[in-house]
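This is run.cif (mmCIF, N, CA and C atoms).
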data_coords
loop_
_atom_site.label_atom_id
_atom_site.label_comp_id
_atom_site.auth_asym_id
_atom_site.auth_seq_id
_atom_site.Cartn_x
_atom_site.Cartn_y
_atom_site.Cartn_z
N MET Z 1 -31.51 22.45 1.70
CA MET Z 1 -30.81 21.28 2.19
C MET Z 1 -31.72 20.06 1.97
N GLU Z 2 -31.13 19.03 1.42
CA GLU Z 2 -31.85 17.79 1.18
C GLU Z 2 -31.78 16.90 2.42
N THR Z 3 -32.84 16.18 2.71
CA THR Z 3 -32.88 15.24 3.82
C THR Z 3 -33.13 13.85 3.27
N ILE Z 4 -32.29 12.89 3.69
CA ILE Z 4 -32.42 11.52 3.22
C ILE Z 4 -32.27 10.56 4.39
N GLY Z 5 -32.72 9.33 4.19
CA GLY Z 5 -32.56 8.29 5.20
C GLY Z 5 -31.26 7.53 4.99
N VAL Z 6 -30.88 6.76 5.99
CA VAL Z 6 -29.64 5.99 5.93
C VAL Z 6 -29.67 5.00 4.77
N LYS Z 7 -30.79 4.33 4.56
CA LYS Z 7 -30.88 3.37 3.45
C LYS Z 7 -30.68 4.05 2.11
N GLN Z 8 -31.29 5.22 1.92
CA GLN Z 8 -31.12 5.96 0.67
C GLN Z 8 -29.66 6.38 0.48
N LEU Z 9 -29.01 6.79 1.56
CA LEU Z 9 -27.59 7.13 1.49
C LEU Z 9 -26.77 5.91 1.08
N ARG Z 10 -27.02 4.79 1.71
CA ARG Z 10 -26.29 3.56 1.42
C ARG Z 10 -26.49 3.13 -0.03
N ASP Z 11 -27.73 3.22 -0.51
CA ASP Z 11 -28.04 2.77 -1.88
C ASP Z 11 -27.53 3.72 -2.96
N ASN Z 12 -27.29 4.99 -2.61
CA ASN Z 12 -26.93 6.00 -3.61
C ASN Z 12 -25.69 6.80 -3.21
N LEU Z 13 -24.78 6.19 -2.49
CA LEU Z 13 -23.66 6.93 -1.91
C LEU Z 13 -22.85 7.70 -2.94
N SER Z 14 -22.46 7.08 -4.03
CA SER Z 14 -21.63 7.77 -5.03
C SER Z 14 -22.35 8.98 -5.61
N ARG Z 15 -23.60 8.81 -5.96
CA ARG Z 15 -24.37 9.92 -6.53
C ARG Z 15 -24.51 11.07 -5.53
N ILE Z 16 -24.77 10.74 -4.28
CA ILE Z 16 -24.94 11.76 -3.24
C ILE Z 16 -23.61 12.48 -2.98
N LEU Z 17 -22.51 11.74 -2.93
CA LEU Z 17 -21.21 12.36 -2.71
C LEU Z 17 -20.84 13.31 -3.85
N LYS Z 18 -21.20 12.96 -5.07
CA LYS Z 18 -20.94 13.87 -6.20
C LYS Z 18 -21.70 15.18 -6.02
N ARG Z 19 -22.94 15.11 -5.55
CA ARG Z 19 -23.72 16.33 -5.32
C ARG Z 19 -23.10 17.16 -4.20
N VAL Z 20 -22.62 16.49 -3.15
CA VAL Z 20 -21.98 17.20 -2.04
C VAL Z 20 -20.70 17.87 -2.52
N GLU Z 21 -19.92 17.19 -3.34
CA GLU Z 21 -18.69 17.78 -3.89
C GLU Z 21 -18.99 19.06 -4.67
N LYS Z 22 -20.17 19.13 -5.28
CA LYS Z 22 -20.55 20.30 -6.06
C LYS Z 22 -21.15 21.40 -5.19
N GLY Z 23 -21.25 21.17 -3.87
CA GLY Z 23 -21.70 22.22 -2.98
C GLY Z 23 -22.99 21.95 -2.21
N ALA Z 24 -23.67 20.85 -2.51
CA ALA Z 24 -24.93 20.55 -1.81
C ALA Z 24 -24.66 20.12 -0.36
N VAL Z 25 -25.64 20.39 0.48
CA VAL Z 25 -25.59 19.93 1.88
C VAL Z 25 -26.73 18.92 2.04
N VAL Z 26 -26.40 17.74 2.57
CA VAL Z 26 -27.38 16.66 2.72
C VAL Z 26 -27.44 16.25 4.19
N LYS Z 27 -28.65 16.25 4.75
CA LYS Z 27 -28.85 15.81 6.13
C LYS Z 27 -29.32 14.37 6.10
N VAL Z 28 -28.69 13.51 6.91
CA VAL Z 28 -29.03 12.09 6.95
C VAL Z 28 -29.80 11.82 8.25
N LEU Z 29 -30.93 11.12 8.09
CA LEU Z 29 -31.78 10.77 9.23
C LEU Z 29 -31.76 9.26 9.47
N ARG Z 30 -31.81 8.89 10.75
CA ARG Z 30 -31.99 7.49 11.13
C ARG Z 30 -33.21 7.44 12.05
N HIS Z 31 -34.20 6.69 11.62
CA HIS Z 31 -35.46 6.58 12.36
C HIS Z 31 -36.06 7.96 12.61
N GLY Z 32 -35.94 8.85 11.61
CA GLY Z 32 -36.55 10.17 11.69
C GLY Z 32 -35.77 11.21 12.48
N LYS Z 33 -34.60 10.83 13.00
CA LYS Z 33 -33.79 11.77 13.79
C LYS Z 33 -32.51 12.11 13.04
N ASP Z 34 -32.10 13.38 13.13
CA ASP Z 34 -30.87 13.83 12.49
C ASP Z 34 -29.68 13.05 13.02
N VAL Z 35 -28.85 12.58 12.10
CA VAL Z 35 -27.64 11.85 12.49
C VAL Z 35 -26.40 12.63 12.07
N VAL Z 36 -26.40 13.10 10.83
CA VAL Z 36 -25.21 13.76 10.31
C VAL Z 36 -25.60 14.66 9.14
N GLU Z 37 -24.78 15.68 8.91
CA GLU Z 37 -24.90 16.51 7.72
C GLU Z 37 -23.66 16.29 6.86
N LEU Z 38 -23.88 16.05 5.59
CA LEU Z 38 -22.77 15.93 4.65
C LEU Z 38 -22.64 17.26 3.93
N ARG Z 39 -21.46 17.84 3.98
CA ARG Z 39 -21.22 19.12 3.31
C ARG Z 39 -19.81 19.12 2.76
N PRO Z 40 -19.55 19.90 1.71
CA PRO Z 40 -18.20 19.92 1.14
C PRO Z 40 -17.18 20.49 2.13
N ILE Z 41 -15.96 20.01 2.01
CA ILE Z 41 -14.87 20.52 2.83
C ILE Z 41 -14.51 21.92 2.34
N THR Z 42 -14.31 22.83 3.26
CA THR Z 42 -13.93 24.19 2.90
C THR Z 42 -12.47 24.19 2.45
N ARG Z 43 -12.24 24.79 1.30
CA ARG Z 43 -10.90 24.88 0.73
C ARG Z 43 -10.39 26.31 0.84
N THR Z 44 -9.07 26.45 0.86
CA THR Z 44 -8.50 27.79 0.84
C THR Z 44 -8.66 28.38 -0.55
N THR Z 45 -8.56 29.68 -0.65
CA THR Z 45 -8.67 30.36 -1.94
C THR Z 45 -7.63 29.83 -2.92
N GLU Z 46 -6.41 29.59 -2.42
CA GLU Z 46 -5.35 29.11 -3.29
C GLU Z 46 -5.66 27.71 -3.82
N GLN Z 47 -6.18 26.83 -2.94
CA GLN Z 47 -6.53 25.48 -3.38
C GLN Z 47 -7.64 25.52 -4.42
N LYS Z 48 -8.63 26.39 -4.20
CA LYS Z 48 -9.72 26.49 -5.16
C LYS Z 48 -9.21 26.93 -6.53
N LEU Z 49 -8.32 27.92 -6.55
CA LEU Z 49 -7.75 28.40 -7.81
C LEU Z 49 -6.98 27.29 -8.51
N LEU Z 50 -6.10 26.63 -7.78
CA LEU Z 50 -5.28 25.57 -8.38
C LEU Z 50 -6.15 24.42 -8.88
N ASN Z 51 -7.17 24.07 -8.14
CA ASN Z 51 -8.05 22.98 -8.56
C ASN Z 51 -8.89 23.35 -9.78
N ARG Z 52 -9.31 24.64 -9.87
CA ARG Z 52 -10.02 25.08 -11.08
C ARG Z 52 -9.12 24.96 -12.30
N LEU Z 53 -7.86 25.38 -12.16
CA LEU Z 53 -6.91 25.27 -13.27
C LEU Z 53 -6.67 23.81 -13.63
N ARG Z 54 -6.58 22.95 -12.62
CA ARG Z 54 -6.41 21.52 -12.88
C ARG Z 54 -7.62 20.96 -13.62
N ASP Z 55 -8.83 21.36 -13.19
CA ASP Z 55 -10.05 20.86 -13.82
C ASP Z 55 -10.15 21.29 -15.29
N LYS Z 56 -9.50 22.39 -15.64
CA LYS Z 56 -9.48 22.86 -17.03
C LYS Z 56 -8.31 22.25 -17.80
N ASP Z 57 -7.63 21.27 -17.20
CA ASP Z 57 -6.49 20.60 -17.82
C ASP Z 57 -5.35 21.56 -18.13
N LEU Z 58 -5.15 22.56 -17.27
CA LEU Z 58 -4.06 23.50 -17.46
C LEU Z 58 -2.90 23.20 -16.52
N LEU Z 59 -3.18 22.59 -15.38
CA LEU Z 59 -2.15 22.24 -14.41
C LEU Z 59 -2.34 20.79 -14.00
N GLY Z 60 -1.25 20.15 -13.58
CA GLY Z 60 -1.32 18.79 -13.08
C GLY Z 60 -0.48 18.66 -11.84
N GLY Z 61 -0.59 17.54 -11.16
CA GLY Z 61 0.19 17.35 -9.96
C GLY Z 61 -0.10 16.00 -9.33
N GLY Z 62 -0.63 15.08 -10.08
CA GLY Z 62 -0.94 13.77 -9.53
C GLY Z 62 -2.39 13.70 -9.09
N PRO Z 63 -2.79 12.57 -8.53
CA PRO Z 63 -4.18 12.39 -8.14
C PRO Z 63 -4.54 13.22 -6.90
N GLY Z 64 -5.79 13.49 -6.74
CA GLY Z 64 -6.26 14.20 -5.55
C GLY Z 64 -6.14 15.70 -5.69
N GLU Z 65 -6.31 16.39 -4.57
CA GLU Z 65 -6.24 17.83 -4.55
C GLU Z 65 -4.81 18.30 -4.80
N ILE Z 66 -4.69 19.41 -5.49
CA ILE Z 66 -3.37 19.99 -5.70
C ILE Z 66 -3.02 20.77 -4.44
N GLY Z 67 -1.93 20.42 -3.82
CA GLY Z 67 -1.53 21.06 -2.58
C GLY Z 67 -0.46 22.11 -2.79
N PRO Z 68 0.68 21.95 -2.16
CA PRO Z 68 1.74 22.94 -2.27
C PRO Z 68 2.17 23.15 -3.72
N VAL Z 69 2.62 24.36 -3.99
CA VAL Z 69 2.99 24.74 -5.35
C VAL Z 69 4.02 23.80 -5.94
N LYS Z 70 4.90 23.22 -5.14
CA LYS Z 70 5.94 22.36 -5.68
C LYS Z 70 5.38 21.12 -6.39
N THR Z 71 4.09 20.79 -6.18
CA THR Z 71 3.51 19.62 -6.84
C THR Z 71 2.88 19.94 -8.19
N ILE Z 72 2.86 21.23 -8.56
CA ILE Z 72 2.18 21.63 -9.78
C ILE Z 72 3.07 21.41 -10.99
N LYS Z 73 2.48 20.87 -12.05
CA LYS Z 73 3.16 20.72 -13.32
C LYS Z 73 2.35 21.48 -14.35
N ASN Z 74 2.97 22.39 -15.05
CA ASN Z 74 2.29 23.16 -16.08
C ASN Z 74 2.07 22.27 -17.29
N LEU Z 75 0.82 21.96 -17.59
CA LEU Z 75 0.50 21.10 -18.72
C LEU Z 75 0.41 21.88 -20.03
N LYS Z 76 0.56 23.18 -19.97
CA LYS Z 76 0.59 24.04 -21.15
C LYS Z 76 1.90 24.83 -21.13
N PRO Z 77 3.03 24.17 -21.40
CA PRO Z 77 4.33 24.82 -21.22
C PRO Z 77 4.52 26.07 -22.07
N GLU Z 78 3.71 26.23 -23.13
CA GLU Z 78 3.86 27.44 -23.95
C GLU Z 78 3.31 28.67 -23.24
N MET Z 79 2.63 28.48 -22.09
CA MET Z 79 2.04 29.59 -21.35
C MET Z 79 2.49 29.52 -19.89
N PRO Z 80 3.09 30.58 -19.35
CA PRO Z 80 3.51 30.57 -17.93
C PRO Z 80 2.30 30.40 -16.99
N VAL Z 81 2.55 29.81 -15.84
CA VAL Z 81 1.49 29.60 -14.85
C VAL Z 81 0.85 30.93 -14.47
N SER Z 82 1.64 32.00 -14.38
CA SER Z 82 1.08 33.31 -14.02
C SER Z 82 0.02 33.74 -15.02
N ASP Z 83 0.23 33.46 -16.31
CA ASP Z 83 -0.78 33.79 -17.33
C ASP Z 83 -2.03 32.94 -17.16
N LEU Z 84 -1.86 31.68 -16.77
CA LEU Z 84 -3.01 30.80 -16.54
C LEU Z 84 -3.86 31.34 -15.39
N VAL Z 85 -3.19 31.82 -14.34
CA VAL Z 85 -3.91 32.38 -13.18
C VAL Z 85 -4.68 33.63 -13.59
N ILE Z 86 -4.02 34.51 -14.35
CA ILE Z 86 -4.68 35.74 -14.80
C ILE Z 86 -5.90 35.40 -15.67
N ARG Z 87 -5.75 34.44 -16.58
CA ARG Z 87 -6.83 34.04 -17.45
C ARG Z 87 -8.00 33.46 -16.64
N ASP Z 88 -7.69 32.69 -15.60
CA ASP Z 88 -8.74 32.09 -14.77
C ASP Z 88 -9.51 33.16 -14.00
N ARG Z 89 -8.88 34.24 -13.65
CA ARG Z 89 -9.53 35.30 -12.86
C ARG Z 89 -10.52 36.12 -13.68
N ARG Z 90 -10.46 36.01 -14.98
CA ARG Z 90 -11.38 36.81 -15.83
C ARG Z 90 -12.76 36.25 -15.82
#
Represent the supplied structure as C-alpha cells.
Amino acid sequence: METIGVKQLRDNLSRILKRVEKGAVVKVLRHGKDVVELRPITRTTEQKLLNRLRDKDLLGGGPGEIGPVKTIKNLKPEMPVSDLVIRDRR
C-alpha cells in the first residue's frame, strides 16, 4: 500500500486515480495522520466480465460501467455474445 500526503494527492489526482482503478490501494495522510484509503470499488463477477469485453471493443453500451444486460450492444455482430463470453473465459 502506498502512502501519500494531501498535497501530493491534489497535485497528482488523475495519475493516482488511474493506479487505484487498476487495483492499487493508496493511504492519504494529513499532518502525518491517516485520513482516508483510496481503493477500487468492488464489482460483481458479471460486471467484471462485461467490462473486460467492453475494454476489448467487443461490447458497447454507452459511457461508464456496463450495467444491466439490456444496455449491451454487440459490436461484433458476426459473433454471438455467448461466443464472446466463452472466448473471454479462456
**OP:** Please provide as a list in words all residues within 7 Å of range 16-20 of chain Z, with the sequence filter that same-chain residues fewer than 2 positions apart are discarded (counting all atoms listed in the file).
**Re:**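 In the requested format, the answer is Asn12, Leu13, Ser14, Lys22, Gly23, Ala24, Val25, Val26, Leu38, Arg39, Pro40 and Ile41 of chain Z.
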Subject >> Distance in Å - atom N of Asp57 in chain Z versus atom N of Leu84 in chain Z >> reply: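 Between atom N of Asp57 in chain Z and atom N of Leu84 in chain Z the gap works out to 11.9 Å.
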Got a sec: who's within 10 Å of Arg30 in chain Z, counting only C-alpha atoms, leaving out chain neighbours fewer than 5 positions off, as a PDB file with N, CA and C atoms, in the coordinates of the input?
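Resulting contents of result-v5.pdb:
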ATOM      1  N   ILE Z   4     -32.290  12.890   3.690  1.00  0.00           N
ATOM      2  CA  ILE Z   4     -32.420  11.520   3.220  1.00  0.00           C
ATOM      3  C   ILE Z   4     -32.270  10.560   4.390  1.00  0.00           C
ATOM      4  N   GLY Z   5     -32.720   9.330   4.190  1.00  0.00           N
ATOM      5  CA  GLY Z   5     -32.560   8.290   5.200  1.00  0.00           C
ATOM      6  C   GLY Z   5     -31.260   7.530   4.990  1.00  0.00           C
ATOM      7  N   VAL Z   6     -30.880   6.760   5.990  1.00  0.00           N
ATOM      8  CA  VAL Z   6     -29.640   5.990   5.930  1.00  0.00           C
ATOM      9  C   VAL Z   6     -29.670   5.000   4.770  1.00  0.00           C
ATOM     10  N   LYS Z   7     -30.790   4.330   4.560  1.00  0.00           N
ATOM     11  CA  LYS Z   7     -30.880   3.370   3.450  1.00  0.00           C
ATOM     12  C   LYS Z   7     -30.680   4.050   2.110  1.00  0.00           C
ATOM     13  N   VAL Z  35     -28.850  12.580  12.100  1.00  0.00           N
ATOM     14  CA  VAL Z  35     -27.640  11.850  12.490  1.00  0.00           C
ATOM     15  C   VAL Z  35     -26.400  12.630  12.070  1.00  0.00           C
ATOM     16  N   VAL Z  36     -26.400  13.100  10.830  1.00  0.00           N
ATOM     17  CA  VAL Z  36     -25.210  13.760  10.310  1.00  0.00           C
ATOM     18  C   VAL Z  36     -25.600  14.660   9.140  1.00  0.00           C
TER      19      VAL Z  36
END
Subject >> Test item, strand (DSSP E or B) assignment across chain Z, answer as an MDAnalysis selection string >> reply: chainID Z and resid 2:5 26:30 33:38 59:60 73:74
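Here atom C of Arg52 in chain Z and atom C of Pro80 in chain Z stand 13.5 Å from one another.
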